[in-house]
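Dumped final04.txt below, it's compact mmCIF, C-alpha atoms:
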# COMPACT_ATOMS: atom_id res chain seq x y z
CA MET A 1 -34.09 -38.85 -11.89
CA GLN A 2 -31.64 -36.89 -9.71
CA SER A 3 -30.88 -37.77 -6.13
CA PRO A 4 -32.00 -35.28 -3.40
CA SER A 5 -28.37 -34.31 -2.65
CA THR A 6 -27.60 -33.32 -6.26
CA PRO A 7 -28.93 -29.87 -7.16
CA SER A 8 -30.85 -29.58 -10.35
CA PRO A 9 -29.23 -27.48 -13.10
CA LYS A 10 -31.97 -24.92 -12.58
CA THR A 11 -31.14 -24.58 -8.83
CA ALA A 12 -27.38 -24.51 -9.42
CA ASN A 13 -27.76 -21.68 -11.96
CA ARG A 14 -29.76 -19.62 -9.47
CA GLY A 15 -26.85 -19.74 -7.04
CA LEU A 16 -24.40 -18.63 -9.72
CA HIS A 17 -26.57 -15.73 -10.78
CA LEU A 18 -27.01 -14.62 -7.19
CA GLY A 19 -23.24 -14.70 -6.61
CA ALA A 20 -22.61 -12.79 -9.82
CA ALA A 21 -25.07 -10.11 -8.72
CA ILE A 22 -23.51 -9.66 -5.27
CA ILE A 23 -19.78 -9.59 -6.09
CA PRO A 24 -19.69 -6.59 -8.48
CA ALA A 25 -21.86 -4.45 -6.20
CA HIS A 26 -19.50 -5.07 -3.26
CA SER A 27 -16.18 -4.64 -5.04
CA ALA A 28 -17.12 -1.66 -7.22
CA GLY A 29 -17.67 0.75 -4.32
CA GLY A 30 -14.47 0.20 -2.35
CA GLU A 31 -12.18 0.50 -5.35
CA ALA A 32 -14.02 3.41 -6.93
CA VAL A 33 -13.85 5.91 -4.04
CA ASN A 34 -10.52 7.63 -3.34
CA ILE A 35 -9.63 10.24 -0.72
CA SER A 36 -6.82 12.77 -1.15
CA ASP A 37 -5.63 16.05 0.34
CA ALA A 38 -7.10 15.40 3.82
CA TRP A 39 -6.07 18.18 6.22
CA VAL A 40 -6.96 20.25 9.28
CA HIS A 41 -5.65 23.56 10.60
CA ALA A 42 -3.36 23.47 13.61
CA ALA A 43 -5.01 23.55 17.04
CA THR A 44 -3.17 25.19 19.92
CA GLN A 45 -5.66 24.15 22.62
CA VAL A 46 -6.86 20.76 23.80
CA GLY A 47 -10.64 20.33 23.63
CA GLY A 48 -11.18 22.56 20.61
CA ASP A 49 -12.88 21.78 17.30
CA VAL A 50 -11.25 21.66 13.87
CA ALA A 51 -12.74 21.34 10.38
CA LEU A 52 -11.52 18.31 8.42
CA SER A 53 -11.16 19.07 4.71
CA MET A 54 -10.54 16.50 1.96
CA THR A 55 -11.14 15.64 -1.67
CA ILE A 56 -13.32 12.59 -2.40
CA LYS A 57 -13.32 11.15 -5.91
CA ASN A 58 -16.15 8.72 -6.69
CA GLU A 59 -15.40 6.91 -9.95
CA ALA A 60 -18.35 4.53 -9.50
CA ASP A 61 -21.50 4.86 -11.56
CA VAL A 62 -23.58 4.95 -8.36
CA ALA A 63 -23.83 7.67 -5.74
CA ASP A 64 -22.43 7.10 -2.25
CA ALA A 65 -22.60 8.94 1.06
CA LEU A 66 -20.06 9.75 3.76
CA LEU A 67 -21.65 8.41 6.95
CA ARG A 68 -19.04 8.78 9.70
CA VAL A 69 -15.46 9.72 10.52
CA ARG A 70 -13.39 8.23 13.33
CA CYS A 71 -10.11 9.88 14.38
CA GLN A 72 -8.04 9.17 17.48
CA VAL A 73 -7.27 12.89 17.86
CA ALA A 74 -10.90 13.85 18.62
CA ASN A 75 -13.65 12.53 20.86
CA PHE A 76 -16.41 13.03 18.27
CA SER A 77 -17.04 14.08 14.69
CA GLU A 78 -19.99 15.76 13.03
CA LYS A 79 -20.86 16.19 9.37
CA HIS A 80 -21.89 19.73 8.44
CA ALA A 81 -23.39 21.67 5.57
CA VAL A 82 -23.00 25.44 5.34
CA ASP A 83 -26.07 27.48 4.45
CA ARG A 84 -26.21 31.19 3.72
CA VAL A 85 -28.67 32.88 6.07
CA GLU A 86 -29.18 36.58 5.32
CA GLY A 87 -25.78 36.59 3.63
CA PHE A 88 -23.95 34.98 6.55
CA PRO A 89 -22.70 31.38 6.63
CA ALA A 90 -24.40 29.09 9.15
CA MET A 91 -23.29 25.52 9.84
CA ARG A 92 -25.84 22.80 10.46
CA ALA A 93 -25.28 19.16 11.37
CA ILE A 94 -26.41 16.61 8.78
CA LEU A 95 -26.73 12.80 8.81
CA SER A 96 -24.55 12.17 5.77
CA ILE A 97 -22.65 13.96 3.02
CA PRO A 98 -23.81 12.99 -0.49
CA ILE A 99 -21.10 11.89 -2.92
CA ALA A 100 -22.45 11.93 -6.48
CA ALA A 101 -21.59 9.18 -8.95
CA GLY A 102 -18.67 9.92 -11.26
CA SER A 103 -17.74 13.12 -9.45
CA THR A 104 -15.22 14.82 -7.21
CA THR A 105 -16.48 16.34 -3.96
CA VAL A 106 -14.27 18.76 -2.05
CA LEU A 107 -15.01 19.06 1.66
CA LYS A 108 -13.88 22.42 3.07
CA PRO A 109 -14.94 24.76 5.88
CA ASP A 110 -17.33 26.90 3.78
CA THR A 111 -19.20 23.96 2.18
CA TYR A 112 -19.73 20.36 3.25
CA HIS A 113 -17.13 19.35 5.84
CA VAL A 114 -16.54 17.23 8.91
CA MET A 115 -15.87 18.81 12.29
CA LEU A 116 -13.54 16.94 14.63
CA LEU A 117 -14.91 17.84 18.06
CA GLN A 118 -13.11 18.01 21.38
CA THR A 119 -9.55 17.42 20.22
CA ARG A 120 -7.59 15.25 22.64
CA HIS A 121 -4.28 17.10 22.24
CA THR A 122 -2.80 20.05 20.38
CA LEU A 123 -2.23 19.69 16.64
CA ALA A 124 0.98 21.27 15.36
CA ALA A 125 1.67 22.20 11.75
CA GLY A 126 3.62 19.44 10.00
CA GLU A 127 2.11 16.61 12.04
CA ALA A 128 -0.14 13.94 10.58
CA PHE A 129 -2.68 11.46 11.96
CA ASN A 130 -5.00 8.78 10.59
CA CYS A 131 -8.78 8.74 10.31
CA SER A 132 -11.25 6.09 9.20
CA ILE A 133 -13.79 7.49 6.76
CA VAL A 134 -16.96 5.37 6.50
CA PHE A 135 -19.07 5.41 3.33
CA GLN A 136 -22.46 3.83 2.76
CA LYS A 137 -21.34 1.75 -0.24
CA ALA A 138 -17.53 1.95 -0.34
CA GLY A 139 -17.14 0.95 3.31
CA THR A 140 -14.29 2.17 5.51
CA ILE A 141 -11.28 3.92 3.98
CA ASP A 142 -8.32 4.78 6.22
CA THR A 143 -6.59 8.01 5.26
CA GLU A 144 -3.76 10.19 6.51
CA VAL A 145 -4.67 13.72 7.60
CA LYS A 146 -2.01 16.43 7.55
CA VAL A 147 -1.96 19.39 9.92
CA HIS A 148 -1.51 22.78 8.20
CA GLY A 149 -0.52 26.05 9.87
CA LEU A 150 -3.03 28.30 11.61
CA PRO A 151 -5.40 30.20 9.30
Show this structure as structure tokens.
Amino acid sequence: MQSPSTPSPKTANRGLHLGAAIIPAHSAGGEAVNISDAWVHAATQVGGDVALSMTIKNEADVADALLRVRCQVANFSEKHAVDRVEGFPAMRAILSIPIAAGSTTVLKPDTYHVMLLQTRHTLAAGEAFNCSIVFQKAGTIDTEVKVHGLP
């Protein structure tokens, strides 16, 4: 008979299986999502809004979602989708941007994108700044954003 402080083999195995189930789910997301080509157009006025564009590659076999963006250069951010209404583009705020499994999603002004609202200072071409991009499964990914010339 086993003492009360010694786990039975059956109980010990449950703990191992639980750990094995948790670890891959956590580590797969963060390593499988990559951000590249993050950029905004220059902004000549303080307090304006700029569209944040980027390429998101999800190499995981599960879908993810972009939940939030935090940048020191703006007071707020909003995720947008662009719909065509009577042939004209119309932006609408959305809760999250879907990132399909095993795919590359390009965020740009005429499709899904993130608006950086109420910029805190001007943004000159050639500058760069950092943003934290928060995903549902992959967690937070810090990325450099480059400022391109005016459109």
For stretch 117-120 of chain A: contacts at 9 Å, only C-alpha atoms, fewer than 4 positions along chain excluded, given as number ranges by chain: A: 43, 45-51, 72-78
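Between A:Ser53 and the residues A:Met91, A:Arg84, A:Thr111, A:Arg70, the shortest atom-to-atom distance, using all atoms listed in the file, involves A:Thr111.
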Interatomic distance (Å, one decimal) between atom CA of A:Gly139 and atom CA of A:Glu127: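 So the answer is 26.3 Å.
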Nearby residues (only C-alpha atoms) at most 10 Å from A:Thr55, same-chain spacing under 6 positions excluded, as a list of chain:residue names: A:Asn34, A:Ile35, A:Ser36, A:Asp37, A:Ala38, A:Trp39, A:Thr104, A:Thr105, A:Val106, A:Leu107, A:Lys108
d(atom CA of A:Gly126, atom CA of A:Leu52) in Å: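 Distance between the two atoms: 15.3 Å.
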Coordinates-based distance that separates atom CA of A:Asp83 from atom CA of A:Leu66 (Å, one decimal): 18.7 Å
Could you name the residues that touch A:Ser103 at 7 Å or less, counting all atoms listed in the file, but leaving out those on the same chain fewer than 5 positions away, as a short mmCIF file (atom, residue, chain, number, x, y, z; two decimals) with C-alpha atoms, in the coordinates of the input?
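The resulting file, result25.cif, is shown below:
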data_model
loop_
_atom_site.label_atom_id
_atom_site.label_comp_id
_atom_site.auth_asym_id
_atom_site.auth_seq_id
_atom_site.Cartn_x
_atom_site.Cartn_y
_atom_site.Cartn_z
CA LYS A 57 -13.32 11.15 -5.91
CA ASN A 58 -16.15 8.72 -6.69
CA GLU A 59 -15.40 6.91 -9.95
#
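Distance check against A:Ala101 using all atoms listed in the file: of A:Ala42, A:Ile141, A:Ala32, A:Val62, the minimum falls on A:Val62.
With all atoms listed in the file as the basis for measurement, A:Ala125 is the residue among A:Ala125, A:Val134, A:Arg68, A:Ala90 that approaches A:Pro151 most closely.
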Residue with smallest distance to A:Asp61 - pool A:His41, A:His121, A:His148, A:Lys137, counting only C-alpha atoms: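 So, comparing all the options, the nearest one is A:Lys137.
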Given only C-alpha atoms as the counted atoms, nearest of A:Ile94, A:Cys71, A:Ala60, A:Val40 to A:Asp142: A:Cys71
